[in-house]
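Below you'll find the structure, written out as structure tokens, and then a few comments.
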Amino acid sequence: MKTLMTSLLVATSSLLLVACSEPSSTSTSTETAASGMTLEQAVNDNPTRSANNLTRDAFRNPIETLRFFEVENDMTVVEIWPGGGWYTEILAPYLKDQGTLYAAHFPQSATRDYYINSRQQFVERVATDEAFSAIVVTEFAPGEATEIAPAGTADRVLTFRNLHNWYMNGGVEAIEAAFGQFYTALKPGGILGVVDHRLPEARPDTHMDSSGYMKQSLAIAAAEAAGFEFVGASEVNSNSEDSADHPRGVWTLPPTLGLGEENRAMYEEIGESDRFTLKFRKPENSSNE
């Protein structure tokens, strides 16, 4: 594996050389699966989804995002830290009939009330919501000896807006450790999909310490240090109106609106954060470790 310093140089070059890419019409059969729920049905015609979650589709772009990650309904998918289940409401029914969904939630050893309550509510929903009934709940924490899925079995590992939490609590080392665990779970040729709030590359690294924003180059470097190949980036979740410079970091913007009524209309006009959407692949010739 490369060192982080070497990977940072490679990542910077990658940002210049790798064009933002979308999968070709022949790269995924999501819309033409022989049977089972289509991705469009999972997003737009799915009674499991809450009305509040539906309103955020304009910012989270789930169809375009999952299509970019080449997620199909017969795959084994690991969702990292699903929280309240925004993406789970889409993935669970989509994968239920033909695929497998592992929800790698907060660890049972967690001591923070938010982690404890979030996991408990999720587990209760798995036990009571028919759409969630096939989910396999596992656990994850960067660097801890937890198995998010059996080694070498996952087609996709997906993480949405989590890197900044790991960085703020454990620095680059935590992100590298997390990517190492994802690498272990994936099959050779499997894909890691990453979405997070984007900090402009020209900003000091210290701006990542508490703002909730991350540099795209750091994410690429950490993934490559773990052995992944950088496939490409999509701008599907970008927002040019977001300066990534707010009094309470990303939590100033919707949906949190951390300043309350102060300049609320302005922040609502900006919308949710600017986000990078990155795709990595575990090399085909790698071992299942």
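By convention here, the chains of the structure tokens are called A, B, ... in the order presented, each chain's residues are numbered starting at 1, and ligands are numbered starting at 1 in the order presented.
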Report as a Markdown table the residues of segment 76-101 of chain A within 12 Å of segment 176-181 of chain A, each with its shortest atom pair and distance in Å (one decimal), using only C-alpha atoms, ordered by chain and increasing residue number.
| residue | atom | partner | partner_atom | distance |
| --- | --- | --- | --- | --- |
| A:Val78 | CA | A:Gln181 | CA | 11.6 |
| A:Ile80 | CA | A:Ala178 | CA | 9.9 |
| A:Trp81 | CA | A:Ala178 | CA | 11.6 |
*Please provide as JSON, numbers by chain all residues within 8 Å of segment 159-161 of chain A, with the sequence filter that same-chain residues fewer than 3 positions apart are discarded (counting only C-alpha atoms).*
{"A": [79, 80, 81, 164, 193, 194, 195, 196, 197]}
*Excluding Gln216 of chain A and residues on its chain fewer than 5 positions from it, collect all residues at most 9 Å away from it, counting only C-alpha atoms, and give them as a list in words.*
Ala11, Leu15, Asp196, His197, Arg198, Leu199, Pro200, Glu201, Ala221, Phe276, Thr277 and Leu278 of chain A
For those residues, write all heavy atoms to a file as an mmCIF file, in the first residue's frame.
data_model
loop_
_atom_site.group_PDB
_atom_site.id
_atom_site.type_symbol
_atom_site.label_atom_id
_atom_site.label_comp_id
_atom_site.auth_asym_id
_atom_site.auth_seq_id
_atom_site.Cartn_x
_atom_site.Cartn_y
_atom_site.Cartn_z
ATOM 1 N N ALA A 11 -3.254 11.594 -5.827
ATOM 2 C CA ALA A 11 -4.637 12.062 -5.837
ATOM 3 C C ALA A 11 -4.758 13.405 -6.518
ATOM 4 O O ALA A 11 -5.707 13.664 -7.256
ATOM 5 C CB ALA A 11 -5.170 12.147 -4.398
ATOM 6 N N LEU A 15 -7.047 14.213 -9.820
ATOM 7 C CA LEU A 15 -8.086 15.213 -9.963
ATOM 8 C C LEU A 15 -7.960 15.957 -11.280
ATOM 9 O O LEU A 15 -8.942 16.412 -11.860
ATOM 10 C CB LEU A 15 -8.012 16.217 -8.799
ATOM 11 C CG LEU A 15 -8.489 15.677 -7.457
ATOM 12 C CD1 LEU A 15 -8.161 16.666 -6.352
ATOM 13 C CD2 LEU A 15 -9.959 15.397 -7.500
ATOM 14 N N ASP A 196 -19.433 13.041 0.402
ATOM 15 C CA ASP A 196 -19.258 13.879 1.598
ATOM 16 C C ASP A 196 -19.238 15.351 1.209
ATOM 17 O O ASP A 196 -19.137 15.700 0.021
ATOM 18 C CB ASP A 196 -17.995 13.515 2.372
ATOM 19 C CG ASP A 196 -18.201 13.656 3.884
ATOM 20 O OD1 ASP A 196 -18.908 14.600 4.303
ATOM 21 O OD2 ASP A 196 -17.682 12.827 4.642
ATOM 22 N N HIS A 197 -19.354 16.199 2.223
ATOM 23 C CA HIS A 197 -19.350 17.643 2.052
ATOM 24 C C HIS A 197 -17.957 18.086 1.592
ATOM 25 O O HIS A 197 -16.959 17.696 2.187
ATOM 26 C CB HIS A 197 -19.706 18.335 3.374
ATOM 27 C CG HIS A 197 -20.875 17.723 4.073
ATOM 28 N ND1 HIS A 197 -22.158 17.804 3.591
ATOM 29 C CD2 HIS A 197 -20.951 17.008 5.236
ATOM 30 C CE1 HIS A 197 -22.983 17.182 4.426
ATOM 31 N NE2 HIS A 197 -22.276 16.685 5.425
ATOM 32 N N ARG A 198 -17.894 18.922 0.555
ATOM 33 C CA ARG A 198 -16.622 19.232 -0.090
ATOM 34 C C ARG A 198 -16.037 20.579 0.342
ATOM 35 O O ARG A 198 -16.679 21.613 0.249
ATOM 36 C CB ARG A 198 -16.803 19.227 -1.608
ATOM 37 C CG ARG A 198 -15.558 19.622 -2.387
ATOM 38 C CD ARG A 198 -15.656 19.226 -3.842
ATOM 39 N NE ARG A 198 -16.941 19.519 -4.444
ATOM 40 C CZ ARG A 198 -17.366 18.979 -5.589
ATOM 41 N NH1 ARG A 198 -16.614 18.094 -6.230
ATOM 42 N NH2 ARG A 198 -18.559 19.306 -6.080
ATOM 43 N N LEU A 199 -14.777 20.520 0.808
ATOM 44 C CA LEU A 199 -14.017 21.728 1.109
ATOM 45 C C LEU A 199 -13.159 22.080 -0.101
ATOM 46 O O LEU A 199 -12.455 21.205 -0.630
ATOM 47 C CB LEU A 199 -13.111 21.502 2.322
ATOM 48 C CG LEU A 199 -12.306 22.723 2.784
ATOM 49 C CD1 LEU A 199 -13.226 23.749 3.449
ATOM 50 C CD2 LEU A 199 -11.199 22.299 3.754
ATOM 51 N N PRO A 200 -13.176 23.319 -0.569
ATOM 52 C CA PRO A 200 -12.311 23.699 -1.690
ATOM 53 C C PRO A 200 -10.850 23.373 -1.415
ATOM 54 O O PRO A 200 -10.356 23.554 -0.291
ATOM 55 C CB PRO A 200 -12.546 25.205 -1.808
ATOM 56 C CG PRO A 200 -13.942 25.409 -1.288
ATOM 57 C CD PRO A 200 -14.065 24.425 -0.153
ATOM 58 N N GLU A 201 -10.152 22.898 -2.427
ATOM 59 C CA GLU A 201 -8.776 22.439 -2.263
ATOM 60 C C GLU A 201 -7.832 23.544 -1.805
ATOM 61 O O GLU A 201 -6.812 23.279 -1.158
ATOM 62 C CB GLU A 201 -8.269 21.836 -3.576
ATOM 63 C CG GLU A 201 -8.972 20.560 -3.996
ATOM 64 C CD GLU A 201 -8.717 19.398 -3.063
ATOM 65 O OE1 GLU A 201 -7.599 19.309 -2.504
ATOM 66 O OE2 GLU A 201 -9.628 18.564 -2.891
ATOM 67 N N ALA A 221 -6.783 10.159 -1.741
ATOM 68 C CA ALA A 221 -5.488 9.680 -1.262
ATOM 69 C C ALA A 221 -5.648 8.571 -0.232
ATOM 70 O O ALA A 221 -4.912 7.570 -0.265
ATOM 71 C CB ALA A 221 -4.695 10.838 -0.664
ATOM 72 N N PHE A 276 -18.857 16.055 -2.856
ATOM 73 C CA PHE A 276 -18.175 15.222 -3.847
ATOM 74 C C PHE A 276 -18.786 13.828 -3.828
ATOM 75 O O PHE A 276 -19.303 13.355 -2.810
ATOM 76 C CB PHE A 276 -16.657 15.179 -3.630
ATOM 77 C CG PHE A 276 -16.171 14.713 -2.288
ATOM 78 C CD1 PHE A 276 -16.287 13.385 -1.893
ATOM 79 C CD2 PHE A 276 -15.552 15.605 -1.417
ATOM 80 C CE1 PHE A 276 -15.803 12.949 -0.666
ATOM 81 C CE2 PHE A 276 -15.063 15.182 -0.185
ATOM 82 C CZ PHE A 276 -15.193 13.843 0.192
ATOM 83 N N THR A 277 -18.746 13.179 -4.987
ATOM 84 C CA THR A 277 -19.271 11.827 -5.156
ATOM 85 C C THR A 277 -18.196 11.028 -5.879
ATOM 86 O O THR A 277 -17.920 11.281 -7.055
ATOM 87 C CB THR A 277 -20.582 11.854 -5.964
ATOM 88 O OG1 THR A 277 -21.521 12.720 -5.305
ATOM 89 C CG2 THR A 277 -21.187 10.465 -6.095
ATOM 90 N N LEU A 278 -17.567 10.083 -5.173
ATOM 91 C CA LEU A 278 -16.370 9.416 -5.669
ATOM 92 C C LEU A 278 -16.588 7.909 -5.764
ATOM 93 O O LEU A 278 -17.238 7.308 -4.907
ATOM 94 C CB LEU A 278 -15.185 9.684 -4.736
ATOM 95 C CG LEU A 278 -14.884 11.154 -4.413
ATOM 96 C CD1 LEU A 278 -13.751 11.246 -3.398
ATOM 97 C CD2 LEU A 278 -14.537 11.922 -5.674
#
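The shell of residues at most 6 Å from Phe140 of chain A, with only C-alpha atoms counted and near chain neighbours (fewer than 3 positions) removed, consists of Ala104, His105, Phe106, Pro107 and Thr146 of chain A.
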*Where does DSSP see strand (DSSP E or B) in segment 25-194 of chain A, if you list the residues as an MDAnalysis selection string?*
chainID A and resid 76:80 100:105 136:139 154:160 186:194
Could those residues be written to a file, using N, CA and C atoms, as a short mmCIF file (atom, residue, chain, number, x, y, z; two decimals), in the first residue's frame?
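The resulting file, again22.cif, is reproduced below:
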data_model
loop_
_atom_site.label_atom_id
_atom_site.label_comp_id
_atom_site.auth_asym_id
_atom_site.auth_seq_id
_atom_site.Cartn_x
_atom_site.Cartn_y
_atom_site.Cartn_z
N THR A 76 -24.85 -7.75 -3.27
CA THR A 76 -24.63 -7.65 -1.83
C THR A 76 -24.03 -6.28 -1.55
N VAL A 77 -24.75 -5.48 -0.79
CA VAL A 77 -24.39 -4.08 -0.55
C VAL A 77 -24.23 -3.84 0.94
N VAL A 78 -23.19 -3.09 1.30
CA VAL A 78 -23.00 -2.67 2.69
C VAL A 78 -23.21 -1.16 2.77
N GLU A 79 -24.15 -0.74 3.59
CA GLU A 79 -24.34 0.69 3.85
C GLU A 79 -23.69 1.01 5.20
N ILE A 80 -22.75 1.93 5.18
CA ILE A 80 -22.02 2.30 6.39
C ILE A 80 -22.76 3.40 7.15
N THR A 100 -28.71 -8.62 -1.07
CA THR A 100 -28.51 -8.62 0.38
C THR A 100 -28.02 -7.24 0.81
N LEU A 101 -28.61 -6.73 1.88
CA LEU A 101 -28.18 -5.44 2.42
C LEU A 101 -27.66 -5.62 3.83
N TYR A 102 -26.39 -5.29 4.03
CA TYR A 102 -25.80 -5.20 5.36
C TYR A 102 -25.84 -3.73 5.79
N ALA A 103 -26.38 -3.48 6.96
CA ALA A 103 -26.39 -2.14 7.53
C ALA A 103 -25.36 -2.10 8.65
N ALA A 104 -24.20 -1.54 8.37
CA ALA A 104 -23.11 -1.47 9.36
C ALA A 104 -23.32 -0.23 10.20
N HIS A 105 -24.05 -0.40 11.28
CA HIS A 105 -24.48 0.74 12.10
C HIS A 105 -23.42 1.05 13.17
N VAL A 136 -29.42 -7.27 7.23
CA VAL A 136 -28.50 -7.87 8.19
C VAL A 136 -27.78 -6.72 8.89
N VAL A 137 -28.03 -6.52 10.17
CA VAL A 137 -27.43 -5.43 10.92
C VAL A 137 -26.07 -5.87 11.47
N THR A 138 -25.04 -5.15 11.10
CA THR A 138 -23.70 -5.36 11.65
C THR A 138 -23.28 -4.06 12.32
N GLU A 139 -22.00 -3.90 12.59
CA GLU A 139 -21.56 -2.65 13.20
C GLU A 139 -20.21 -2.24 12.65
N ALA A 154 -18.83 -8.58 -0.50
CA ALA A 154 -19.65 -7.42 -0.88
C ALA A 154 -19.36 -6.97 -2.31
N ASP A 155 -20.42 -6.68 -3.05
CA ASP A 155 -20.27 -6.07 -4.37
C ASP A 155 -20.07 -4.57 -4.27
N ARG A 156 -20.73 -3.97 -3.27
CA ARG A 156 -20.65 -2.53 -3.08
C ARG A 156 -20.57 -2.19 -1.59
N VAL A 157 -19.75 -1.20 -1.26
CA VAL A 157 -19.76 -0.58 0.06
C VAL A 157 -20.04 0.90 -0.17
N LEU A 158 -21.04 1.43 0.51
CA LEU A 158 -21.47 2.81 0.30
C LEU A 158 -21.41 3.58 1.61
N THR A 159 -20.83 4.77 1.55
CA THR A 159 -20.81 5.63 2.73
C THR A 159 -21.21 7.04 2.33
N PHE A 160 -22.22 7.56 3.00
CA PHE A 160 -22.77 8.87 2.67
C PHE A 160 -22.55 9.84 3.84
N LEU A 186 -15.05 -6.08 0.50
CA LEU A 186 -15.40 -6.12 -0.92
C LEU A 186 -14.78 -7.31 -1.64
N LYS A 187 -15.50 -7.77 -2.66
CA LYS A 187 -14.96 -8.74 -3.60
C LYS A 187 -13.92 -8.04 -4.47
N PRO A 188 -12.98 -8.79 -5.05
CA PRO A 188 -12.15 -8.19 -6.10
C PRO A 188 -13.04 -7.65 -7.20
N GLY A 189 -12.79 -6.43 -7.62
CA GLY A 189 -13.64 -5.78 -8.60
C GLY A 189 -14.81 -5.04 -8.00
N GLY A 190 -15.03 -5.18 -6.69
CA GLY A 190 -16.13 -4.50 -6.02
C GLY A 190 -15.89 -3.00 -5.94
N ILE A 191 -16.96 -2.24 -5.75
CA ILE A 191 -16.89 -0.78 -5.80
C ILE A 191 -17.21 -0.17 -4.44
N LEU A 192 -16.41 0.83 -4.08
CA LEU A 192 -16.66 1.68 -2.91
C LEU A 192 -17.19 3.02 -3.40
N GLY A 193 -18.36 3.41 -2.90
CA GLY A 193 -18.94 4.71 -3.23
C GLY A 193 -18.89 5.63 -2.03
N VAL A 194 -18.42 6.86 -2.26
CA VAL A 194 -18.21 7.81 -1.16
C VAL A 194 -18.83 9.16 -1.51
#
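Compared by their closest atoms to Ile116 of chain A, and using only C-alpha atoms, the residues A:Arg49, A:Pro204, A:Gly36, A:Gly84 rank with A:Gly84 nearest.
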